[in-house]
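Heads up, structure_35.cif below (mmCIF, C-alpha atoms, pLDDT in the B column; chains and numbers go by the auth columns):
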```
data_upload
loop_
_atom_site.group_PDB
_atom_site.id
_atom_site.type_symbol
_atom_site.label_atom_id
_atom_site.label_comp_id
_atom_site.label_asym_id
_atom_site.label_seq_id
_atom_site.Cartn_x
_atom_site.Cartn_y
_atom_site.Cartn_z
_atom_site.B_iso_or_equiv
_atom_site.auth_seq_id
_atom_site.auth_asym_id
ATOM 1 C CA MET A 1 119.177 59.551 151.138 49.00 1 A
ATOM 2 C CA ALA A 2 120.653 58.932 147.715 50.00 2 A
ATOM 3 C CA ASP A 3 117.306 59.776 146.152 51.00 3 A
ATOM 4 C CA ASN A 4 117.317 63.246 147.699 52.00 4 A
ATOM 5 C CA ASN A 5 120.742 64.074 146.291 53.00 5 A
ATOM 6 C CA SER A 6 119.932 62.770 142.844 53.00 6 A
ATOM 7 C CA ASN A 7 116.590 64.588 142.858 55.00 7 A
ATOM 8 C CA GLY A 8 118.305 67.838 143.889 55.00 8 A
ATOM 9 C CA SER A 9 120.940 67.497 141.187 60.00 9 A
ATOM 10 C CA LYS A 10 118.227 66.877 138.590 58.00 10 A
ATOM 11 C CA GLN A 11 116.456 70.072 139.664 60.00 11 A
ATOM 12 C CA ASN A 12 119.692 72.049 139.522 62.00 12 A
ATOM 13 C CA LYS A 13 120.451 70.639 136.102 64.00 13 A
ATOM 14 C CA SER A 14 116.997 71.534 134.778 73.00 14 A
ATOM 15 C CA ARG A 15 117.348 75.050 136.209 73.00 15 A
ATOM 16 C CA GLU A 16 120.696 75.412 134.476 75.00 16 A
ATOM 17 C CA ASP A 17 119.164 74.195 131.229 75.00 17 A
ATOM 18 C CA LEU A 18 116.314 76.696 131.555 73.00 18 A
ATOM 19 C CA ALA A 19 118.763 79.513 132.291 74.00 19 A
ATOM 20 C CA LYS A 20 120.868 78.618 129.248 75.00 20 A
ATOM 21 C CA ALA A 21 117.781 78.434 127.048 73.00 21 A
ATOM 22 C CA ALA A 22 116.580 81.824 128.286 73.00 22 A
ATOM 23 C CA GLN A 23 119.985 83.348 127.666 77.00 23 A
ATOM 24 C CA ALA A 24 120.139 81.890 124.162 73.00 24 A
ATOM 25 C CA SER A 25 116.659 83.209 123.414 72.00 25 A
ATOM 26 C CA ALA A 26 117.566 86.690 124.656 69.00 26 A
ATOM 27 C CA THR A 27 120.726 86.700 122.554 69.00 27 A
ATOM 28 C CA LYS A 28 118.780 85.624 119.488 66.00 28 A
ATOM 29 C CA LYS A 29 116.160 88.353 120.038 61.00 29 A
ATOM 30 C CA SER A 30 118.877 90.952 120.464 58.00 30 A
ATOM 31 C CA GLN A 31 120.542 89.896 117.216 60.00 31 A
ATOM 32 C CA ASN A 32 117.207 89.920 115.369 56.00 32 A
ATOM 33 C CA SER A 33 116.386 93.422 116.558 55.00 33 A
ATOM 34 C CA LYS A 34 119.822 94.646 115.451 55.00 34 A
ATOM 35 C CA ASN A 35 119.362 93.091 112.012 54.00 35 A
ATOM 36 C CA GLN A 36 115.861 94.513 111.608 54.00 36 A
ATOM 37 C CA GLY A 37 117.145 98.004 112.350 51.00 37 A
ATOM 38 C CA LYS A 38 119.731 97.801 109.581 57.00 38 A
ATOM 39 C CA LYS A 39 117.529 96.215 106.902 68.00 39 A
ATOM 40 C CA GLY A 40 115.031 99.018 106.368 75.00 40 A
ATOM 41 C CA GLY A 41 117.089 102.133 106.074 91.00 41 A
ATOM 42 C CA LEU A 42 115.773 105.611 105.482 92.00 42 A
ATOM 43 C CA LEU A 43 113.153 104.709 102.872 92.00 43 A
ATOM 44 C CA ALA A 44 111.561 102.087 105.119 92.00 44 A
ATOM 45 C CA TYR A 45 111.499 104.585 107.970 93.00 45 A
ATOM 46 C CA LEU A 46 109.792 107.212 105.813 94.00 46 A
ATOM 47 C CA ARG A 47 107.248 104.632 104.611 93.00 47 A
ATOM 48 C CA GLY A 48 106.506 103.783 108.230 94.00 48 A
ATOM 49 C CA VAL A 49 106.073 107.451 109.079 94.00 49 A
ATOM 50 C CA ARG A 50 103.675 107.872 106.174 94.00 50 A
ATOM 51 C CA GLN A 51 101.630 104.858 107.289 95.00 51 A
ATOM 52 C CA GLU A 52 101.434 106.196 110.842 94.00 52 A
ATOM 53 C CA PHE A 53 100.283 109.602 109.597 93.00 53 A
ATOM 54 C CA LYS A 54 97.430 107.877 107.777 92.00 54 A
ATOM 55 C CA LYS A 55 96.260 106.438 111.109 93.00 55 A
ATOM 56 C CA VAL A 56 96.120 109.847 112.802 93.00 56 A
ATOM 57 C CA VAL A 57 92.648 111.271 113.412 93.00 57 A
ATOM 58 C CA TRP A 58 93.069 114.965 112.720 91.00 58 A
ATOM 59 C CA PRO A 59 90.808 117.459 114.552 94.00 59 A
ATOM 60 C CA THR A 60 88.199 119.464 112.706 96.00 60 A
ATOM 61 C CA ARG A 61 88.564 123.224 112.425 97.00 61 A
ATOM 62 C CA GLU A 62 85.926 123.731 115.138 97.00 62 A
ATOM 63 C CA GLU A 63 87.688 121.345 117.548 97.00 63 A
ATOM 64 C CA LEU A 64 91.018 123.017 116.892 97.00 64 A
ATOM 65 C CA THR A 65 89.555 126.488 117.467 97.00 65 A
ATOM 66 C CA THR A 66 87.829 125.426 120.692 98.00 66 A
ATOM 67 C CA ASP A 67 90.942 123.695 122.041 97.00 67 A
ATOM 68 C CA THR A 68 93.115 126.695 121.169 98.00 68 A
ATOM 69 C CA ILE A 69 90.779 129.065 123.011 98.00 69 A
ATOM 70 C CA VAL A 70 90.777 126.778 126.065 98.00 70 A
ATOM 71 C CA VAL A 71 94.596 126.649 126.082 98.00 71 A
ATOM 72 C CA PHE A 72 94.896 130.439 125.825 98.00 72 A
ATOM 73 C CA ALA A 73 92.320 130.914 128.583 98.00 73 A
ATOM 74 C CA CYS A 74 94.196 128.514 130.882 98.00 74 A
ATOM 75 C CA VAL A 75 97.524 130.199 130.184 98.00 75 A
ATOM 76 C CA ILE A 76 96.069 133.642 130.924 98.00 76 A
ATOM 77 C CA PHE A 77 94.329 132.385 134.090 98.00 77 A
ATOM 78 C CA PHE A 78 97.501 130.817 135.496 98.00 78 A
ATOM 79 C CA ALA A 79 99.668 133.797 134.493 98.00 79 A
ATOM 80 C CA VAL A 80 97.353 136.199 136.343 98.00 80 A
ATOM 81 C CA THR A 81 97.102 133.839 139.325 98.00 81 A
ATOM 82 C CA PHE A 82 100.888 133.519 139.667 98.00 82 A
ATOM 83 C CA TRP A 83 101.304 137.276 139.211 98.00 83 A
ATOM 84 C CA LEU A 84 98.834 137.932 142.026 98.00 84 A
ATOM 85 C CA ILE A 85 100.524 135.402 144.317 97.00 85 A
ATOM 86 C CA ASP A 86 103.946 136.888 143.539 95.00 86 A
ATOM 87 C CA THR A 87 102.681 140.422 144.166 94.00 87 A
ATOM 88 C CA GLY A 88 101.116 139.297 147.451 94.00 88 A
ATOM 89 C CA PHE A 89 104.335 137.646 148.646 92.00 89 A
ATOM 90 C CA LEU A 90 106.341 140.719 147.663 90.00 90 A
ATOM 91 C CA ALA A 91 103.965 142.988 149.577 91.00 91 A
ATOM 92 C CA ALA A 92 104.124 140.680 152.603 92.00 92 A
ATOM 93 C CA LEU A 93 107.926 140.627 152.564 89.00 93 A
ATOM 94 C CA LYS A 94 108.072 144.401 152.193 89.00 94 A
ATOM 95 C CA GLY A 95 105.772 144.739 155.200 89.00 95 A
ATOM 96 C CA ILE A 96 107.596 142.195 157.343 90.00 96 A
ATOM 97 C CA LEU A 97 111.162 143.175 156.500 88.00 97 A
ATOM 98 C CA GLY A 98 110.588 146.865 155.826 84.00 98 A
ATOM 99 C CA ILE A 99 112.263 146.676 152.420 81.00 99 A
ATOM 100 C CA THR A 100 111.738 149.351 149.788 77.00 100 A
ATOM 101 C CA LEU A 101 112.474 148.625 146.161 72.00 101 A
ATOM 102 C CA SER A 102 113.362 151.566 143.998 64.00 102 A
#
```
Could you write out this file's structure as structure tokens?
Amino acid sequence: MADNNSNGSKQNKSREDLAKAAQASATKKSQNSKNQGKKGGLLAYLRGVRQEFKKVVWPTREELTTDTIVVFACVIFFAVTFWLIDTGFLAALKGILGITLS
């Protein structure tokens, strides 16, 4: 019976130790991230932006033209579709309710 209590207290103690270690690690990470944000400043940020822009794969003129045409076609298609649906609902409401718009 004494073994069970001592075993349980050992487990609780190890859990407490793990919880404290996790909390200490989280605190340390939080402090490191705060310090890293202050170190660089504006110049470091702009350098990072420049490096990221170098990684971007820019589209060719043909790809850009094709994508632009597709976007315009989709916008026109959906605009006409919604206009037709709206006109249909308006006509249905006028017929059902007998409303005239002047």
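As for CA of Thr81 (chain A) and CA of Lys94 (chain A), they are spaced 19.9 Å apart.
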Coordinates of box centre and edge lengths for region 85-99 of chain A, 8 Å on every side, axis-aligned, as AutoDock Vina command-line options:
```
--center_x 106.4 --center_y 141.1 --center_z 150.4 --size_x 27.7 --size_y 27.5 --size_z 29.8
```
- State, in Å with one decimal place, the distance from CA of Ile85 (chain A) to CA of Asp67 (chain A).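 Those two atoms sit 26.9 Å apart.
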- Message: Rounded to one decimal, what separation in Å do you get between CA of Ala79 (chain A) and CA of Ala91 (chain A)?
- Response: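 Going from CA of Ala79 (chain A) over to CA of Ala91 (chain A) covers 18.2 Å.
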